[in-house]
Amino acid sequence: MRTRVKFCGITRREDALQAVRLGADAIGLVFYSESPRAVSPQQAYQIVRELPPFVTVVGLFVNAAPGYLQQILERVPIDILQFHGEEPPEDCSHYGRAYIKAIRMAEGVDLPGLAQSYGSASALLLDTYQAGVPGGTGRAFDWGRVPKSLSKAVILAGGLTPENIAQAVKQVRPYAVDVSGGVERVKGVKDAAKMAAFMRGVDSVN
Ligand SMILES: O=C(O)c1ccccc1NCC(=O)[C@H](O)[C@H](O)COP(=O)(O)O
């Protein structure tokens with residue numbers, strides 16, 4: 001099965017369209033005001049309106065208030081939710097939508113246990129642990145820590161770049177990969193050449 005690709009932290013319509021042209025499977029929009037990649041609901045709507053079909057729009061949240069999250073869902077066509085905070089399973093499934101739970105790879109993290117607890121998740125996104133930073137660290141973790149088999153689909157994230165992506169896919173064989181900082185020109189602005197190189201890296205293994 002080919003590895004799916006999600007470009008995360010999209011803040012501009014042209015970057016979303018470039019992702020689509022390159023054959024990306026998903027784009028991610030960050031609804032977390034402390035992120036340099038945060039988008040407002042209006043911005044998000046402008047980015048995703050009239051995207052062609054079969055490209056999944058993922059909305060990212062960090063311990064968001066349910067009322068705020070519900071407002072976003074009413075205003076932006078989001079396909080899948082992605083939770084990057086300490087949201088328990090019942091909060092993640094509260095919206096009746098498919099969701100991804102981000103797991104930060106702190107020392108001693110119990111991935112099989114979390115895969116069980118978040119049984120209603122579509123996938124677990126494994127990201128680098130950095131104290132006080134819920135995501136978008138731009139740093140990789142030791143891919144050797146990802147179990148060869150898990151009861152949930154694995155999305156590999158954290159410090160992926162055009163330079164290391166082929167090795168990451170070869171080693172982990174994840175369901176999908178997720179990249180943000182590694183394909184940026186500056187925070188929040190993607191670099192078309194880096195995005196293309198990243199896709200080539202994934203395709204070289206598929
Ligand atoms: O990107 C952010 O600024 C961010 C902030 C808070 C929570 C999540 C965030 N991004 C989540 C992502 O899905 C990133 O793609 C993932 O953490 C990997 O980021 P990077 O290491 O920059 O590729």
# chains A, B, ... in the order shown; residues from 1 in each chain; ligands from 1

$ residues_around --residues "Leu29 of chain A" --least-positions-apart "3" --cutoff "8 Å" --atoms "only C-alpha atoms" --output "NGL selection string"
:A and (8-11 or 38-39 or 44 or 57-60)

$ select_by_dssp --residues "segment 96-181 of chain A" --states "alpha helix (DSSP H)" --output "MDAnalysis selection string"
chainID A and resid 111:117 165:172

$ write_last_selection --atoms "N, CA and C atoms" --output "compact mmCIF listing (two decimals), in the first residue's frame"
# COMPACT_ATOMS: atom_id res chain seq x y z
N LEU A 111 2.34 2.89 23.68
CA LEU A 111 1.58 2.98 22.42
C LEU A 111 0.50 1.90 22.31
N PRO A 112 0.80 0.63 22.64
CA PRO A 112 -0.30 -0.35 22.54
C PRO A 112 -1.48 0.02 23.46
N GLY A 113 -1.17 0.52 24.65
CA GLY A 113 -2.23 0.92 25.59
C GLY A 113 -3.04 2.09 25.03
N LEU A 114 -2.35 3.06 24.45
CA LEU A 114 -3.05 4.22 23.89
C LEU A 114 -3.89 3.82 22.68
N ALA A 115 -3.37 2.89 21.89
CA ALA A 115 -4.14 2.42 20.73
C ALA A 115 -5.45 1.78 21.19
N GLN A 116 -5.40 1.14 22.35
CA GLN A 116 -6.62 0.54 22.92
C GLN A 116 -7.55 1.62 23.45
N SER A 117 -6.97 2.55 24.24
CA SER A 117 -7.82 3.59 24.85
C SER A 117 -8.49 4.44 23.77
N ILE A 165 12.90 11.80 4.48
CA ILE A 165 11.60 11.13 4.38
C ILE A 165 11.70 9.71 3.80
N ALA A 166 12.59 9.50 2.83
CA ALA A 166 12.68 8.16 2.23
C ALA A 166 13.12 7.16 3.30
N GLN A 167 14.12 7.52 4.09
CA GLN A 167 14.60 6.63 5.14
C GLN A 167 13.50 6.38 6.18
N ALA A 168 12.75 7.43 6.52
CA ALA A 168 11.67 7.29 7.51
C ALA A 168 10.62 6.29 7.03
N VAL A 169 10.23 6.41 5.78
CA VAL A 169 9.19 5.52 5.24
C VAL A 169 9.71 4.09 5.16
N LYS A 170 10.96 3.95 4.71
CA LYS A 170 11.56 2.61 4.62
C LYS A 170 11.59 1.94 5.99
N GLN A 171 11.98 2.71 7.00
CA GLN A 171 12.17 2.13 8.34
C GLN A 171 10.85 1.84 9.05
N VAL A 172 9.91 2.78 8.98
CA VAL A 172 8.69 2.67 9.80
C VAL A 172 7.53 2.04 9.03

$ residues_near_ligand --ligand "ligand 1" --cutoff "6 Å" --atoms "only C-alpha atoms and all ligand atoms" --output "short mmCIF file (atom, residue, chain, number, x, y, z; two decimals) with N, CA and C atoms, in the first residue's frame"
data_model
loop_
_atom_site.label_atom_id
_atom_site.label_comp_id
_atom_site.auth_asym_id
_atom_site.auth_seq_id
_atom_site.Cartn_x
_atom_site.Cartn_y
_atom_site.Cartn_z
N CYS A 8 0.78 19.66 6.59
CA CYS A 8 0.09 20.29 7.72
C CYS A 8 0.50 21.75 7.87
N GLY A 9 -0.32 22.51 8.59
CA GLY A 9 0.01 23.91 8.87
C GLY A 9 -0.12 24.78 7.64
N SER A 35 -0.12 28.94 17.79
CA SER A 35 0.77 28.44 16.73
C SER A 35 1.05 29.54 15.72
N PRO A 36 2.29 29.60 15.20
CA PRO A 36 2.58 30.56 14.12
C PRO A 36 1.86 30.16 12.83
N ARG A 37 1.23 28.98 12.83
CA ARG A 37 0.51 28.51 11.63
C ARG A 37 -1.00 28.55 11.84
N HIS A 84 -4.32 17.43 19.42
CA HIS A 84 -2.91 17.49 19.83
C HIS A 84 -2.70 17.77 21.30
N ASP A 127 4.28 11.94 17.12
CA ASP A 127 5.01 13.20 16.93
C ASP A 127 6.10 13.30 18.02
N PRO A 134 3.00 21.57 21.86
CA PRO A 134 2.05 20.51 21.49
C PRO A 134 2.23 19.94 20.09
N GLY A 135 3.04 20.58 19.25
CA GLY A 135 3.23 20.05 17.89
C GLY A 135 4.03 21.03 17.06
N GLY A 136 4.37 20.58 15.84
CA GLY A 136 5.12 21.46 14.94
C GLY A 136 6.51 21.79 15.48
N THR A 137 7.17 20.81 16.09
CA THR A 137 8.49 21.06 16.71
C THR A 137 9.59 21.16 15.67
N GLY A 138 9.38 20.53 14.50
CA GLY A 138 10.44 20.48 13.50
C GLY A 138 11.56 19.51 13.86
N ARG A 139 11.32 18.70 14.88
CA ARG A 139 12.36 17.76 15.33
C ARG A 139 11.87 16.32 15.18
N ALA A 157 5.09 11.62 12.15
CA ALA A 157 5.27 13.08 12.08
C ALA A 157 6.49 13.47 12.90
N GLY A 158 6.85 14.73 12.80
CA GLY A 158 7.94 15.26 13.62
C GLY A 158 9.25 15.34 12.86
N GLY A 159 9.60 16.53 12.43
CA GLY A 159 10.91 16.75 11.84
C GLY A 159 11.16 16.02 10.53
N LEU A 160 10.11 15.68 9.82
CA LEU A 160 10.31 15.03 8.51
C LEU A 160 10.69 16.11 7.50
N ASP A 178 3.25 12.95 7.90
CA ASP A 178 2.70 14.30 8.11
C ASP A 178 3.88 15.24 8.26
N VAL A 179 3.88 16.31 7.48
CA VAL A 179 5.01 17.23 7.53
C VAL A 179 4.50 18.67 7.57
N SER A 180 5.25 19.48 8.31
CA SER A 180 4.92 20.90 8.35
C SER A 180 6.20 21.71 8.12
N GLY A 181 7.03 21.85 9.17
CA GLY A 181 8.21 22.72 9.09
C GLY A 181 9.21 22.32 8.01
N GLY A 182 9.31 21.04 7.72
CA GLY A 182 10.30 20.55 6.76
C GLY A 182 10.06 20.97 5.33
#

$ residues_around --residues "Thr3 of chain A" --least-positions-apart "2" --cutoff "12 Å" --atoms "only C-alpha atoms" --output "VMD selection string"
chain A and resid 1 5 to 6 23 to 26 153 to 156 165 to 166 168 to 170 172 to 178 199 to 206

$ write_last_selection --atoms "C-alpha atoms" --output "PDB file, in the first residue's frame"
ATOM      1  CA  MET A   1       0.000   0.000   0.000  1.00  0.00           C
ATOM      2  CA  VAL A   5       0.934  12.244   2.628  1.00  0.00           C
ATOM      3  CA  LYS A   6      -0.498  15.091   4.664  1.00  0.00           C
ATOM      4  CA  GLY A  23      -0.884  14.462  -5.235  1.00  0.00           C
ATOM      5  CA  ALA A  24      -1.150  15.003  -1.478  1.00  0.00           C
ATOM      6  CA  ASP A  25      -3.857  13.037   0.289  1.00  0.00           C
ATOM      7  CA  ALA A  26      -4.609  15.583   2.989  1.00  0.00           C
ATOM      8  CA  ALA A 153      -2.900   3.006  11.678  1.00  0.00           C
ATOM      9  CA  VAL A 154       0.265   5.032  12.292  1.00  0.00           C
ATOM     10  CA  ILE A 155       0.848   8.509  10.899  1.00  0.00           C
ATOM     11  CA  LEU A 156       4.503   9.412  11.305  1.00  0.00           C
ATOM     12  CA  ILE A 165      11.597  11.130   4.382  1.00  0.00           C
ATOM     13  CA  ALA A 166      12.682   8.160   2.232  1.00  0.00           C
ATOM     14  CA  ALA A 168      11.667   7.287   7.512  1.00  0.00           C
ATOM     15  CA  VAL A 169       9.188   5.523   5.237  1.00  0.00           C
ATOM     16  CA  LYS A 170      11.565   2.614   4.620  1.00  0.00           C
ATOM     17  CA  VAL A 172       8.688   2.673   9.800  1.00  0.00           C
ATOM     18  CA  ARG A 173       6.381   1.786   6.891  1.00  0.00           C
ATOM     19  CA  PRO A 174       3.670   4.048   8.309  1.00  0.00           C
ATOM     20  CA  TYR A 175       0.163   4.334   6.910  1.00  0.00           C
ATOM     21  CA  ALA A 176       0.859   8.030   6.298  1.00  0.00           C
ATOM     22  CA  VAL A 177       3.394  10.776   6.905  1.00  0.00           C
ATOM     23  CA  ASP A 178       2.703  14.299   8.111  1.00  0.00           C
ATOM     24  CA  MET A 199       6.649  13.827  -2.435  1.00  0.00           C
ATOM     25  CA  ARG A 200       9.465  12.417  -4.563  1.00  0.00           C
ATOM     26  CA  GLY A 201      11.079  11.036  -1.418  1.00  0.00           C
ATOM     27  CA  VAL A 202       7.877   9.228  -0.447  1.00  0.00           C
ATOM     28  CA  ASP A 203       7.313   7.965  -4.004  1.00  0.00           C
ATOM     29  CA  SER A 204      10.863   6.639  -4.187  1.00  0.00           C
ATOM     30  CA  VAL A 205       9.946   4.077  -1.524  1.00  0.00           C
ATOM     31  CA  ASN A 206       6.343   3.319  -2.535  1.00  0.00           C
TER      32      ASN A 206
END

$ select_by_dssp --residues "segment 17-80 of chain A" --states "strand (DSSP E or B)" --output "CSV table (one decimal) with N, CA and C atoms, in the first residue's frame"
chain,number,residue,atom,x,y,z
A,26,ALA,N,-3.9,14.8,2.0
A,26,ALA,CA,-4.6,15.6,3.0
A,26,ALA,C,-3.8,16.9,3.2
A,27,ILE,N,-4.6,17.9,3.7
A,27,ILE,CA,-4.0,19.1,4.2
A,27,ILE,C,-4.5,19.3,5.6
A,28,GLY,N,-3.6,20.0,6.4
A,28,GLY,CA,-4.0,20.2,7.8
A,28,GLY,C,-4.1,21.7,8.1
A,29,LEU,N,-5.1,22.1,8.8
A,29,LEU,CA,-5.3,23.5,9.2
A,29,LEU,C,-5.2,23.6,10.7
A,30,VAL,N,-4.4,24.5,11.2
A,30,VAL,CA,-4.2,24.6,12.7
A,30,VAL,C,-5.1,25.6,13.3
A,38,ALA,N,-1.4,29.2,12.9
A,38,ALA,CA,-2.9,29.3,13.2
A,38,ALA,C,-3.6,30.0,12.1
A,56,THR,N,-8.4,15.2,1.7
A,56,THR,CA,-9.0,15.3,3.0
A,56,THR,C,-8.6,16.5,3.7
A,57,VAL,N,-9.5,17.2,4.3
A,57,VAL,CA,-9.2,18.4,5.1
A,57,VAL,C,-9.2,18.1,6.6
A,58,VAL,N,-8.1,18.3,7.2
A,58,VAL,CA,-7.9,17.9,8.6
A,58,VAL,C,-7.9,19.2,9.4
A,59,GLY,N,-8.7,19.3,10.5
A,59,GLY,CA,-8.6,20.4,11.4
A,59,GLY,C,-7.9,20.0,12.7
A,60,LEU,N,-6.9,20.8,13.1
A,60,LEU,CA,-6.1,20.5,14.3
A,60,LEU,C,-6.5,21.4,15.5
A,61,PHE,N,-6.6,20.7,16.6
A,61,PHE,CA,-7.0,21.4,17.8
A,61,PHE,C,-6.1,21.0,19.0
A,80,ILE,N,-11.8,15.5,8.9
A,80,ILE,CA,-11.3,14.8,10.1
A,80,ILE,C,-10.7,15.7,11.1

$ closest_residue --among "A:Gly108, A:Gly144, A:Pro89, A:Gly96" --to "Leu124 of chain A" --atoms "only C-alpha atoms"
A:Pro89

$ decode --residues "segment 88-114 of chain A" --atoms "N, CA and C atoms" --output "PDB file, in the first residue's frame"
ATOM      1  N   PRO A  88      -9.176  13.474  26.341  1.00  0.00           N
ATOM      2  CA  PRO A  88      -9.441  12.045  26.554  1.00  0.00           C
ATOM      3  C   PRO A  88     -10.287  11.490  25.404  1.00  0.00           C
ATOM      4  N   PRO A  89     -10.319  10.148  25.254  1.00  0.00           N
ATOM      5  CA  PRO A  89     -11.030   9.544  24.123  1.00  0.00           C
ATOM      6  C   PRO A  89     -12.480  10.034  23.992  1.00  0.00           C
ATOM      7  N   GLU A  90     -13.167  10.194  25.128  1.00  0.00           N
ATOM      8  CA  GLU A  90     -14.592  10.562  25.025  1.00  0.00           C
ATOM      9  C   GLU A  90     -14.754  11.985  24.459  1.00  0.00           C
ATOM     10  N   ASP A  91     -13.795  12.873  24.716  1.00  0.00           N
ATOM     11  CA  ASP A  91     -13.875  14.223  24.141  1.00  0.00           C
ATOM     12  C   ASP A  91     -13.591  14.176  22.638  1.00  0.00           C
ATOM     13  N   CYS A  92     -12.671  13.301  22.250  1.00  0.00           N
ATOM     14  CA  CYS A  92     -12.318  13.207  20.824  1.00  0.00           C
ATOM     15  C   CYS A  92     -13.490  12.678  19.999  1.00  0.00           C
ATOM     16  N   SER A  93     -14.251  11.761  20.576  1.00  0.00           N
ATOM     17  CA  SER A  93     -15.350  11.158  19.798  1.00  0.00           C
ATOM     18  C   SER A  93     -16.662  11.921  19.969  1.00  0.00           C
ATOM     19  N   HIS A  94     -16.659  12.948  20.798  1.00  0.00           N
ATOM     20  CA  HIS A  94     -17.860  13.709  21.131  1.00  0.00           C
ATOM     21  C   HIS A  94     -18.561  14.316  19.905  1.00  0.00           C
ATOM     22  N   TYR A  95     -17.788  14.632  18.849  1.00  0.00           N
ATOM     23  CA  TYR A  95     -18.338  15.390  17.714  1.00  0.00           C
ATOM     24  C   TYR A  95     -18.938  14.488  16.637  1.00  0.00           C
ATOM     25  N   GLY A  96     -18.838  13.179  16.837  1.00  0.00           N
ATOM     26  CA  GLY A  96     -19.384  12.252  15.855  1.00  0.00           C
ATOM     27  C   GLY A  96     -18.644  12.303  14.535  1.00  0.00           C
ATOM     28  N   ARG A  97     -17.389  12.725  14.565  1.00  0.00           N
ATOM     29  CA  ARG A  97     -16.564  12.804  13.349  1.00  0.00           C
ATOM     30  C   ARG A  97     -15.377  11.866  13.483  1.00  0.00           C
ATOM     31  N   ALA A  98     -14.839  11.492  12.335  1.00  0.00           N
ATOM     32  CA  ALA A  98     -13.585  10.730  12.362  1.00  0.00           C
ATOM     33  C   ALA A  98     -12.510  11.616  12.984  1.00  0.00           C
ATOM     34  N   TYR A  99     -11.614  11.002  13.740  1.00  0.00           N
ATOM     35  CA  TYR A  99     -10.539  11.791  14.347  1.00  0.00           C
ATOM     36  C   TYR A  99      -9.225  11.025  14.409  1.00  0.00           C
ATOM     37  N   ILE A 100      -8.156  11.824  14.503  1.00  0.00           N
ATOM     38  CA  ILE A 100      -6.786  11.315  14.667  1.00  0.00           C
ATOM     39  C   ILE A 100      -6.325  11.821  16.029  1.00  0.00           C
ATOM     40  N   LYS A 101      -5.692  10.957  16.798  1.00  0.00           N
ATOM     41  CA  LYS A 101      -5.124  11.431  18.085  1.00  0.00           C
ATOM     42  C   LYS A 101      -3.608  11.523  17.934  1.00  0.00           C
ATOM     43  N   ALA A 102      -3.092  12.712  18.192  1.00  0.00           N
ATOM     44  CA  ALA A 102      -1.635  12.897  18.175  1.00  0.00           C
ATOM     45  C   ALA A 102      -1.069  12.418  19.504  1.00  0.00           C
ATOM     46  N   ILE A 103      -0.012  11.646  19.416  1.00  0.00           N
ATOM     47  CA  ILE A 103       0.688  11.142  20.606  1.00  0.00           C
ATOM     48  C   ILE A 103       2.108  11.675  20.553  1.00  0.00           C
ATOM     49  N   ARG A 104       2.494  12.389  21.592  1.00  0.00           N
ATOM     50  CA  ARG A 104       3.869  12.896  21.637  1.00  0.00           C
ATOM     51  C   ARG A 104       4.736  11.817  22.280  1.00  0.00           C
ATOM     52  N   MET A 105       5.843  11.522  21.634  1.00  0.00           N
ATOM     53  CA  MET A 105       6.640  10.356  22.001  1.00  0.00           C
ATOM     54  C   MET A 105       7.550  10.627  23.203  1.00  0.00           C
ATOM     55  N   ALA A 106       6.920  10.934  24.331  1.00  0.00           N
ATOM     56  CA  ALA A 106       7.668  11.107  25.587  1.00  0.00           C
ATOM     57  C   ALA A 106       8.247   9.756  25.991  1.00  0.00           C
ATOM     58  N   GLU A 107       9.257   9.809  26.858  1.00  0.00           N
ATOM     59  CA  GLU A 107       9.860   8.568  27.342  1.00  0.00           C
ATOM     60  C   GLU A 107       8.780   7.702  28.005  1.00  0.00           C
ATOM     61  N   GLY A 108       8.785   6.417  27.724  1.00  0.00           N
ATOM     62  CA  GLY A 108       7.870   5.493  28.403  1.00  0.00           C
ATOM     63  C   GLY A 108       6.448   5.500  27.873  1.00  0.00           C
ATOM     64  N   VAL A 109       6.196   6.191  26.792  1.00  0.00           N
ATOM     65  CA  VAL A 109       4.824   6.237  26.270  1.00  0.00           C
ATOM     66  C   VAL A 109       4.365   4.814  25.905  1.00  0.00           C
ATOM     67  N   ASP A 110       3.112   4.500  26.274  1.00  0.00           N
ATOM     68  CA  ASP A 110       2.601   3.138  26.075  1.00  0.00           C
ATOM     69  C   ASP A 110       1.723   3.123  24.820  1.00  0.00           C
ATOM     70  N   LEU A 111       2.343   2.893  23.678  1.00  0.00           N
ATOM     71  CA  LEU A 111       1.584   2.980  22.425  1.00  0.00           C
ATOM     72  C   LEU A 111       0.502   1.905  22.306  1.00  0.00           C
ATOM     73  N   PRO A 112       0.795   0.634  22.636  1.00  0.00           N
ATOM     74  CA  PRO A 112      -0.300  -0.354  22.543  1.00  0.00           C
ATOM     75  C   PRO A 112      -1.479   0.017  23.458  1.00  0.00           C
ATOM     76  N   GLY A 113      -1.167   0.521  24.655  1.00  0.00           N
ATOM     77  CA  GLY A 113      -2.226   0.923  25.587  1.00  0.00           C
ATOM     78  C   GLY A 113      -3.037   2.088  25.029  1.00  0.00           C
ATOM     79  N   LEU A 114      -2.347   3.058  24.446  1.00  0.00           N
ATOM     80  CA  LEU A 114      -3.051   4.221  23.890  1.00  0.00           C
ATOM     81  C   LEU A 114      -3.894   3.825  22.678  1.00  0.00           C
TER      82      LEU A 114
END
